[in-house]
Every structure is written in structure tokens, then in C-alpha cells.
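Please read the structure below before turning to the comments.
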Amino acid sequence: MRGLAGKRVLISGGSSGIGAATARRFLEEGAHVVLGGLDQAEVDRTVGELSVLSVPSGSVSVTGLAGDVSSEGGAAALVDGAISALGGIDVLVNNAGTAWREPFLEITPAHWDRIISVNLRGMFLVAQAAARHMVERGAGGVILNMSSTNGLGGEADYAHYNASKGGVLLLTKTMAVELGRHGIRVNALCPGYIKTPLNAQISSGLADDFVSGYERDHIPLGRAGLAEEVAAGYAFLASDDASFVHGTELVIDGGQLAIM
Ligand SMILES: NC(=O)c1ccc[n+]([C@@H]2O[C@H](COP(=O)([O-])OP(=O)(O)OC[C@H]3O[C@@H](n4cnc5c(N)ncnc54)[C@H](O)[C@@H]3O)[C@@H](O)[C@H]2O)c1
């Protein structure tokens with residue numbers, strides 16, 4: 001992908017699943033990476049796994065920072081830590097998020113608040129801190145916010161998650177409108193059903209044939225996506241090949257949203 005070598009990249013939620021695959025992809029492209037995550041042990045494990053990568057540039061630069069992006073202190077520590085470690089941030093992959101199944105009639109205010117707080121407030125806090133740094137530096141940048149196909153349609157049992165991801169899409173468009181004149185490109189990703197630890201946890205109470213039936217009946221390509229296939233979307237949107245892509249979303253769903 002053009003223009004990623006040497007880029008300084010912060011990936012929130014980079015310790016697992018899509019974020020970890022994205023860290024690997026950016027390192028393979030020759031970028032320098034700081035990855036975040038909620039759990040210190042998971043952050044350390046992922047940094048350890050990625051540190052031994054063999055990449056074309058010959059040197060891997062990856063470090064990790066643990067913290068909760070839903071708190072102002074956690075978001076600021078992540079962005080400030082990445083600026084200190086990398087000397088600046090060229091690309092923010094704003095990826096941290098959480099989800100669980102819960103019928104609308106049973107959602108408690110506390111559960112509502114937690115999902116919105118991690119997926120929408122956290123996204124805003126990290127994006128704003130990184131954008132302020134990019135504007136101050138005056139050299140532009142790229143911000144990629146993680147939404148979902150659940151931001152475009154209302155899947156049952158995910159009202160809080162759907163609302164958070166729909167919010168991310170309008171946050172993204174508004175940021176694009178305000179930050180474009182600073183040379184900061186802002187876009188969102190909308191993956192469909194991707195095999196990750198998060199989905200393994202959500203599906204753990206469901207029968208195997210429910211999951212395979214879901215993949216067969218709801219996804220025209222007949223399978224779940226891979227974290228690497230979403231990482232490729234992040235890499236494209238961050239690259240110079242996407243230099244005029246701004247204020248929109250890239251859907252990576254095996255055709256799921258094409259079904260009537
Ligand atoms: N897996 C899918 O099918 C799918 C589809 C669409 C969108 N997404 C989104 O992709 C993103 C990554 O999901 P994944 O499936 O790779 O999940 P995952 O559980 O494997 O990874 C989630 C990452 O976010 C971090 N995180 C969670 N809560 C956090 C918090 N409060 N503060 C800081 N970091 C936090 C975790 O530590 C981890 O690094 C999420 O935003 C998710 O909503 C996933």
C-alpha cells in the first residue's frame with residue numbers, strides 16, 4: 001500500500017482481534033505502531049508476539065499502552081503516550097470497542113451507559129485528543145473510526161451497540177467536515193460478522209449450527225470475515241491510495257448488507 005512506510009500509527013484496541021491484525025499489517029507495511037488495550041497482560045502479550053515479526057523494512061517498532069478509553073484520563077494517557085513514544089501521530093486507528101447481546105426490553109441504564117461510554121465517548125475522546133495534536137502540528141493526518149454494519153441497520157438484541165455505532169458514523173462525518181481543511185482525512189469502517197475473540201465470546205452461548213446457519217443464510221460469501229480482511233481496509237484508508245476518500249464509510253461484510 002502506498003505511503004504507509006515510516007508512518008507513526010496509534011491503534012486503540014490493538015491488543016486483540018481486528019486491532020491486533022491491524023497492528024501486524026501496519027508493521028508489515030513499514031509503519032511504527034503504538035497499540036492500546038484495556039488489559040495490561042493482553043497488551044504485553046500482543047506486543048511480545050508482534051516484536052518478533054520479520055518485516056521487509058527489517059526493523060519492527062511496536063510498543064503498548066493499557067488504559068480505558070472511556071475515561072478522559074485514559075484517552076489522554078493513550079494519545080500523549082503515543083506522541084511521546086513515536087514523536088507524533090500520523091494515523092489514528094480508533095478501534096477500541098465492546099459488545100454483548102441483550103434484548104432491548106432488558107437493557108439496564110448501566111449497561112446502556114457502558115456500551116455508549118466505550119464505543120462512542122471513548123471514540124470521541126481519543127479522536128479529539130489526536131486531532132488537536134494533528135492540527136497543532138499542521139501536517140495533516142488520518143483518523144479512522146471503527147463503526148459496524150450495526151451502525152447502518154438495526155440488528156435485534158444490540159440496541160445499545162447499534163446506537164453507539166450509528167453515532168460513530170455521524171461523528172466521523174462531522175469530523176470530516178471540520179477537519180478536512182486541516183488536511184486531516186477522516187473515515188469509518190463498517191465490518192460485518194468477523195471472527196475475533198469478541199465474537200467468539202458473544203457466540204459462546206449459541207449452538208454451532210446457529211453460527212454456521214447464520215453465515216450461510218445472512219452472508220452471501222457464506223462465511224465470517226477474518227480480522228486480516230478488516231486490517232486491509234484500515235491500511236487502504238490510511239494509505240495515499242485513499243487520498244481523496246473522506247467523510248465516508250467502507251463496508252467489509254461479505255455482501256451481508258446487499259441482501260433485501
Ligand atoms: N468482530 C466483529 O464482527 C466486528 C464487526 C464490526 C465492528 N467491530 C468492532 O471492531 C472493534 C474491534 O473488535 P474485535 O472484534 O476485534 O474485538 P476484541 O474484543 O478482539 O478487541 C477489542 C479491543 O478493544 C479493546 N477495548 C475494549 N474496551 C476497551 C476500553 N474500555 N478501553 C480501551 N480499550 C478497550 C480491547 O482491549 C481490545 O484490544 C470494536 O470496535 C468492535 O465493535 C467488530
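In the C-alpha cells, chains take the letters A, B, ... in the order shown, each chain's residues start at 1, and ligands count up from 1 in the order shown.
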
Discussion item. At a cut-off of 8 Å around ligand 1, and using only C-alpha atoms and all ligand atoms, what residues come up? Please write them as a ChimeraX atom specification.
Written reply: /A:12-20,36-39,42-43,66-70,74,95-99,117-119,122,146-150,161,165,189-199,225,227

Worksheet item: Do you know which residues are at most 7 Å from Val9 (chain A) counting only C-alpha atoms, after dropping those on the same chain fewer than 4 positions away, and could you put them as an MDAnalysis selection string?
Response: chainID A and resid 31:34 89:92

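Going from CA of Leu226 (chain A) over to CA of Thr22 (chain A), you cover 11.3 Å.
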
Worksheet entry | In region 180-216 of chain A, DSSP strand (DSSP E or B) residues written as a list in words | Ile184, Arg185, Val186, Asn187, Ala188, Leu189, Cys190, Pro191, Ile194 and Lys195 of chain A

Practice prompt. Quick one: everything within 9 Å of region 54-57 of chain A, counting only C-alpha atoms, minus sequence neighbours fewer than 6 positions away in the same chain. Send it as an NGL selection string.
Written response: :A and (5 or 27-30)

Any chance you can output those residues with N, CA and C atoms as a PDB file, in the first residue's frame?
ATOM      1  N   ALA A   5       4.871   3.333   4.774  1.00  0.00           N
ATOM      2  CA  ALA A   5       6.197   3.110   5.365  1.00  0.00           C
ATOM      3  C   ALA A   5       6.629   4.346   6.150  1.00  0.00           C
ATOM      4  N   LEU A  27       2.764  -2.847  10.638  1.00  0.00           N
ATOM      5  CA  LEU A  27       4.194  -3.157  10.815  1.00  0.00           C
ATOM      6  C   LEU A  27       4.756  -3.765   9.533  1.00  0.00           C
ATOM      7  N   GLU A  28       3.971  -4.648   8.908  1.00  0.00           N
ATOM      8  CA  GLU A  28       4.431  -5.252   7.643  1.00  0.00           C
ATOM      9  C   GLU A  28       4.607  -4.196   6.554  1.00  0.00           C
ATOM     10  N   GLU A  29       3.830  -3.111   6.655  1.00  0.00           N
ATOM     11  CA  GLU A  29       3.930  -2.019   5.677  1.00  0.00           C
ATOM     12  C   GLU A  29       5.083  -1.067   6.005  1.00  0.00           C
ATOM     13  N   GLY A  30       5.774  -1.337   7.136  1.00  0.00           N
ATOM     14  CA  GLY A  30       6.929  -0.500   7.495  1.00  0.00           C
ATOM     15  C   GLY A  30       6.573   0.679   8.393  1.00  0.00           C
TER      16      GLY A  30
END

Discussion item. If you run DSSP on the backbone here, which positions in region 3-172 of chain A get helix (DSSP H, G or I)? Please write them as a ChimeraX atom specification.
Written reply: /A:17-28,40-51,72-86,104-106,109-137,149-151,159-172

Surrounding residues of region 238-242 of chain A excluding itself and chain neighbours under 3 positions, 10 Å, only C-alpha atoms, as a PDB file with N, CA and C atoms, in the first residue's frame:
ATOM      1  N   MET A   1       0.861  -1.198   0.000  1.00  0.00           N
ATOM      2  CA  MET A   1       0.000   0.000   0.000  1.00  0.00           C
ATOM      3  C   MET A   1       0.897   1.248   0.000  1.00  0.00           C
ATOM      4  N   ARG A   2       0.577   2.239  -0.822  1.00  0.00           N
ATOM      5  CA  ARG A   2       1.469   3.392  -0.954  1.00  0.00           C
ATOM      6  C   ARG A   2       1.407   4.326   0.256  1.00  0.00           C
ATOM      7  N   GLY A   3       2.558   4.776   0.704  1.00  0.00           N
ATOM      8  CA  GLY A   3       2.623   5.858   1.686  1.00  0.00           C
ATOM      9  C   GLY A   3       2.514   5.445   3.138  1.00  0.00           C
ATOM     10  N   LEU A   4       2.592   4.169   3.456  1.00  0.00           N
ATOM     11  CA  LEU A   4       2.469   3.769   4.868  1.00  0.00           C
ATOM     12  C   LEU A   4       3.833   3.579   5.548  1.00  0.00           C
ATOM     13  N   ALA A   5       4.871   3.333   4.774  1.00  0.00           N
ATOM     14  CA  ALA A   5       6.197   3.110   5.365  1.00  0.00           C
ATOM     15  C   ALA A   5       6.629   4.346   6.150  1.00  0.00           C
ATOM     16  N   LYS A   7       5.200   5.688   8.643  1.00  0.00           N
ATOM     17  CA  LYS A   7       4.100   6.413   9.317  1.00  0.00           C
ATOM     18  C   LYS A   7       4.039   6.026  10.794  1.00  0.00           C
ATOM     19  N   VAL A   9       1.733   5.324  13.850  1.00  0.00           N
ATOM     20  CA  VAL A   9       0.335   4.889  13.914  1.00  0.00           C
ATOM     21  C   VAL A   9      -0.057   4.522  15.345  1.00  0.00           C
ATOM     22  N   PHE A  26       0.150  -2.961   9.662  1.00  0.00           N
ATOM     23  CA  PHE A  26       0.903  -1.697   9.556  1.00  0.00           C
ATOM     24  C   PHE A  26       2.402  -1.930   9.741  1.00  0.00           C
ATOM     25  N   ASP A  90       0.693  10.195  12.984  1.00  0.00           N
ATOM     26  CA  ASP A  90       0.242  10.487  11.619  1.00  0.00           C
ATOM     27  C   ASP A  90      -1.109   9.838  11.337  1.00  0.00           C
ATOM     28  N   VAL A  91      -1.310   8.662  11.938  1.00  0.00           N
ATOM     29  CA  VAL A  91      -2.536   7.895  11.679  1.00  0.00           C
ATOM     30  C   VAL A  91      -3.108   7.415  13.007  1.00  0.00           C
ATOM     31  N   LEU A  92      -4.387   7.715  13.245  1.00  0.00           N
ATOM     32  CA  LEU A  92      -5.087   7.133  14.389  1.00  0.00           C
ATOM     33  C   LEU A  92      -6.071   6.090  13.876  1.00  0.00           C
ATOM     34  N   VAL A  93      -5.890   4.848  14.327  1.00  0.00           N
ATOM     35  CA  VAL A  93      -6.887   3.799  14.085  1.00  0.00           C
ATOM     36  C   VAL A  93      -7.682   3.692  15.388  1.00  0.00           C
ATOM     37  N   GLY A 141      -3.078  14.468   8.578  1.00  0.00           N
ATOM     38  CA  GLY A 141      -3.128  13.164   9.238  1.00  0.00           C
ATOM     39  C   GLY A 141      -4.323  12.371   8.763  1.00  0.00           C
ATOM     40  N   VAL A 142      -4.472  11.201   9.362  1.00  0.00           N
ATOM     41  CA  VAL A 142      -5.602  10.323   9.018  1.00  0.00           C
ATOM     42  C   VAL A 142      -6.218   9.808  10.313  1.00  0.00           C
ATOM     43  N   ILE A 143      -7.548   9.863  10.401  1.00  0.00           N
ATOM     44  CA  ILE A 143      -8.255   9.278  11.536  1.00  0.00           C
ATOM     45  C   ILE A 143      -9.298   8.297  11.002  1.00  0.00           C
ATOM     46  N   LEU A 144      -9.243   7.067  11.501  1.00  0.00           N
ATOM     47  CA  LEU A 144     -10.171   6.029  11.064  1.00  0.00           C
ATOM     48  C   LEU A 144     -10.962   5.541  12.274  1.00  0.00           C
ATOM     49  N   ARG A 185      -7.729  13.584   6.971  1.00  0.00           N
ATOM     50  CA  ARG A 185      -8.778  12.752   6.376  1.00  0.00           C
ATOM     51  C   ARG A 185      -9.416  11.896   7.457  1.00  0.00           C
ATOM     52  N   VAL A 186     -10.754  11.823   7.448  1.00  0.00           N
ATOM     53  CA  VAL A 186     -11.468  11.058   8.470  1.00  0.00           C
ATOM     54  C   VAL A 186     -12.476  10.127   7.788  1.00  0.00           C
ATOM     55  N   ASN A 187     -12.398   8.862   8.097  1.00  0.00           N
ATOM     56  CA  ASN A 187     -13.334   7.884   7.534  1.00  0.00           C
ATOM     57  C   ASN A 187     -13.695   6.850   8.582  1.00  0.00           C
ATOM     58  N   ALA A 232      -6.901  -4.920   6.270  1.00  0.00           N
ATOM     59  CA  ALA A 232      -6.587  -4.458   4.907  1.00  0.00           C
ATOM     60  C   ALA A 232      -7.375  -3.187   4.579  1.00  0.00           C
ATOM     61  N   GLY A 233      -8.620  -3.105   5.076  1.00  0.00           N
ATOM     62  CA  GLY A 233      -9.433  -1.897   4.871  1.00  0.00           C
ATOM     63  C   GLY A 233      -8.833  -0.698   5.588  1.00  0.00           C
ATOM     64  N   TYR A 234      -8.390  -0.911   6.821  1.00  0.00           N
ATOM     65  CA  TYR A 234      -7.734   0.172   7.568  1.00  0.00           C
ATOM     66  C   TYR A 234      -6.485   0.639   6.808  1.00  0.00           C
ATOM     67  N   ALA A 235      -5.700  -0.337   6.315  1.00  0.00           N
ATOM     68  CA  ALA A 235      -4.456   0.022   5.621  1.00  0.00           C
ATOM     69  C   ALA A 235      -4.762   0.833   4.365  1.00  0.00           C
ATOM     70  N   VAL A 245     -10.479   9.981  -0.416  1.00  0.00           N
ATOM     71  CA  VAL A 245     -11.591   9.311   0.285  1.00  0.00           C
ATOM     72  C   VAL A 245     -11.737   9.993   1.641  1.00  0.00           C
ATOM     73  N   HIS A 246     -12.881  10.597   1.892  1.00  0.00           N
ATOM     74  CA  HIS A 246     -13.017  11.456   3.084  1.00  0.00           C
ATOM     75  C   HIS A 246     -14.481  11.548   3.499  1.00  0.00           C
TER      76      HIS A 246
END

Discussion item. Can you tell me which residues surround Ala159 (chain A) at a distance of at most 9 Å, considering only C-alpha atoms, apart from same-chain residues fewer than 3 positions away, and format the answer as a ChimeraX atom specification?
Written reply: /A:101-104,107,112,154-156,162-164

How would the residues just picked look written out with all heavy atoms as an mmCIF file, in the first residue's frame?
data_model
loop_
_atom_site.group_PDB
_atom_site.id
_atom_site.type_symbol
_atom_site.label_atom_id
_atom_site.label_comp_id
_atom_site.auth_asym_id
_atom_site.auth_seq_id
_atom_site.Cartn_x
_atom_site.Cartn_y
_atom_site.Cartn_z
ATOM 1 N N ARG A 101 -24.800 -9.234 23.662
ATOM 2 C CA ARG A 101 -26.207 -9.404 23.270
ATOM 3 C C ARG A 101 -27.105 -9.097 24.449
ATOM 4 O O ARG A 101 -26.820 -9.528 25.567
ATOM 5 C CB ARG A 101 -26.493 -10.864 22.907
ATOM 6 C CG ARG A 101 -25.919 -11.374 21.651
ATOM 7 C CD ARG A 101 -26.256 -12.851 21.530
ATOM 8 N NE ARG A 101 -27.628 -13.047 21.088
ATOM 9 C CZ ARG A 101 -27.987 -13.192 19.832
ATOM 10 N NH1 ARG A 101 -27.077 -13.182 18.884
ATOM 11 N NH2 ARG A 101 -29.238 -13.352 19.504
ATOM 12 N N GLU A 102 -28.211 -8.413 24.197
ATOM 13 C CA GLU A 102 -29.151 -8.106 25.272
ATOM 14 C C GLU A 102 -30.432 -7.574 24.633
ATOM 15 O O GLU A 102 -30.375 -6.570 23.921
ATOM 16 C CB GLU A 102 -28.531 -7.016 26.148
ATOM 17 C CG GLU A 102 -28.988 -6.977 27.547
ATOM 18 C CD GLU A 102 -28.048 -6.114 28.398
ATOM 19 O OE1 GLU A 102 -27.471 -5.140 27.867
ATOM 20 O OE2 GLU A 102 -27.915 -6.412 29.585
ATOM 21 N N PRO A 103 -31.585 -8.225 24.851
ATOM 22 C CA PRO A 103 -32.820 -7.703 24.258
ATOM 23 C C PRO A 103 -33.099 -6.277 24.725
ATOM 24 O O PRO A 103 -32.820 -5.936 25.883
ATOM 25 C CB PRO A 103 -33.902 -8.652 24.785
ATOM 26 C CG PRO A 103 -33.186 -9.872 25.226
ATOM 27 C CD PRO A 103 -31.807 -9.440 25.638
ATOM 28 N N PHE A 104 -33.663 -5.475 23.843
ATOM 29 C CA PHE A 104 -33.960 -4.076 24.144
ATOM 30 C C PHE A 104 -34.728 -3.926 25.460
ATOM 31 O O PHE A 104 -34.408 -3.054 26.279
ATOM 32 C CB PHE A 104 -34.788 -3.468 22.990
ATOM 33 C CG PHE A 104 -35.339 -2.113 23.287
ATOM 34 C CD1 PHE A 104 -34.502 -1.006 23.383
ATOM 35 C CD2 PHE A 104 -36.704 -1.930 23.505
ATOM 36 C CE1 PHE A 104 -35.011 0.250 23.685
ATOM 37 C CE2 PHE A 104 -37.213 -0.678 23.805
ATOM 38 C CZ PHE A 104 -36.359 0.414 23.892
ATOM 39 N N ILE A 107 -32.340 -4.134 28.646
ATOM 40 C CA ILE A 107 -31.121 -3.325 28.820
ATOM 41 C C ILE A 107 -31.265 -2.416 30.041
ATOM 42 O O ILE A 107 -32.235 -1.670 30.154
ATOM 43 C CB ILE A 107 -30.837 -2.480 27.560
ATOM 44 C CG1 ILE A 107 -30.496 -3.393 26.381
ATOM 45 C CG2 ILE A 107 -29.685 -1.494 27.804
ATOM 46 C CD1 ILE A 107 -30.341 -2.654 25.057
ATOM 47 N N TRP A 112 -26.456 0.247 29.196
ATOM 48 C CA TRP A 112 -26.522 1.250 28.116
ATOM 49 C C TRP A 112 -25.328 2.203 28.217
ATOM 50 O O TRP A 112 -24.604 2.445 27.252
ATOM 51 C CB TRP A 112 -27.843 2.024 28.207
ATOM 52 C CG TRP A 112 -27.939 3.144 27.213
ATOM 53 C CD1 TRP A 112 -27.529 4.440 27.397
ATOM 54 C CD2 TRP A 112 -28.422 3.060 25.872
ATOM 55 N NE1 TRP A 112 -27.734 5.158 26.245
ATOM 56 C CE2 TRP A 112 -28.283 4.344 25.285
ATOM 57 C CE3 TRP A 112 -28.959 2.023 25.096
ATOM 58 C CZ2 TRP A 112 -28.674 4.623 23.983
ATOM 59 C CZ3 TRP A 112 -29.354 2.312 23.790
ATOM 60 C CH2 TRP A 112 -29.197 3.594 23.243
ATOM 61 N N GLY A 154 -30.436 -2.117 12.078
ATOM 62 C CA GLY A 154 -30.715 -2.429 13.485
ATOM 63 C C GLY A 154 -30.817 -3.920 13.757
ATOM 64 O O GLY A 154 -31.886 -4.520 13.650
ATOM 65 N N GLU A 155 -29.698 -4.541 14.150
ATOM 66 C CA GLU A 155 -29.752 -5.967 14.493
ATOM 67 C C GLU A 155 -30.422 -6.150 15.852
ATOM 68 O O GLU A 155 -30.107 -5.443 16.817
ATOM 69 C CB GLU A 155 -28.327 -6.548 14.533
ATOM 70 C CG GLU A 155 -28.327 -8.051 14.758
ATOM 71 C CD GLU A 155 -26.924 -8.677 14.726
ATOM 72 O OE1 GLU A 155 -25.927 -7.918 14.765
ATOM 73 O OE2 GLU A 155 -26.828 -9.900 14.686
ATOM 74 N N ALA A 156 -31.323 -7.139 15.940
ATOM 75 C CA ALA A 156 -32.023 -7.403 17.201
ATOM 76 C C ALA A 156 -31.036 -7.754 18.306
ATOM 77 O O ALA A 156 -29.995 -8.374 18.044
ATOM 78 C CB ALA A 156 -33.006 -8.558 17.015
ATOM 79 N N ASN A 162 -25.857 -0.951 18.516
ATOM 80 C CA ASN A 162 -26.256 -0.330 17.245
ATOM 81 C C ASN A 162 -26.240 1.205 17.364
ATOM 82 O O ASN A 162 -25.761 1.908 16.472
ATOM 83 C CB ASN A 162 -27.662 -0.770 16.836
ATOM 84 C CG ASN A 162 -27.786 -2.274 16.638
ATOM 85 O OD1 ASN A 162 -26.794 -2.964 16.436
ATOM 86 N ND2 ASN A 162 -28.996 -2.796 16.714
ATOM 87 N N ALA A 163 -26.787 1.702 18.485
ATOM 88 C CA ALA A 163 -26.849 3.161 18.680
ATOM 89 C C ALA A 163 -25.437 3.746 18.763
ATOM 90 O O ALA A 163 -25.146 4.801 18.187
ATOM 91 C CB ALA A 163 -27.635 3.482 19.955
ATOM 92 N N SER A 164 -24.536 3.026 19.442
ATOM 93 C CA SER A 164 -23.158 3.547 19.561
ATOM 94 C C SER A 164 -22.479 3.594 18.195
ATOM 95 O O SER A 164 -21.797 4.566 17.862
ATOM 96 C CB SER A 164 -22.340 2.691 20.541
ATOM 97 O OG SER A 164 -22.009 1.418 20.004
#

Worksheet item: In terms of the shortest atom-to-atom distance over only C-alpha atoms, which of A:Arg8, A:Gly153, A:Gly58, A:Met123 is closest to Ser84 (chain A)?
Response: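 Using only C-alpha atoms, the shortest distance to Ser84 (chain A) belongs to A:Arg8.
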
Worksheet item: Could you pull the residues within 12 Å of Val211 (chain A), counting only C-alpha atoms, minus those fewer than 3 positions along the same chain, as a ChimeraX atom specification?
Response: /A:193-195,199-200,202-208,214-219,222-224

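If only C-alpha atoms are the atoms counted, then among A:Phe210, A:Phe236, A:Tyr158, A:Phe244 the closest residue to Ile115 (chain A) is A:Tyr158.
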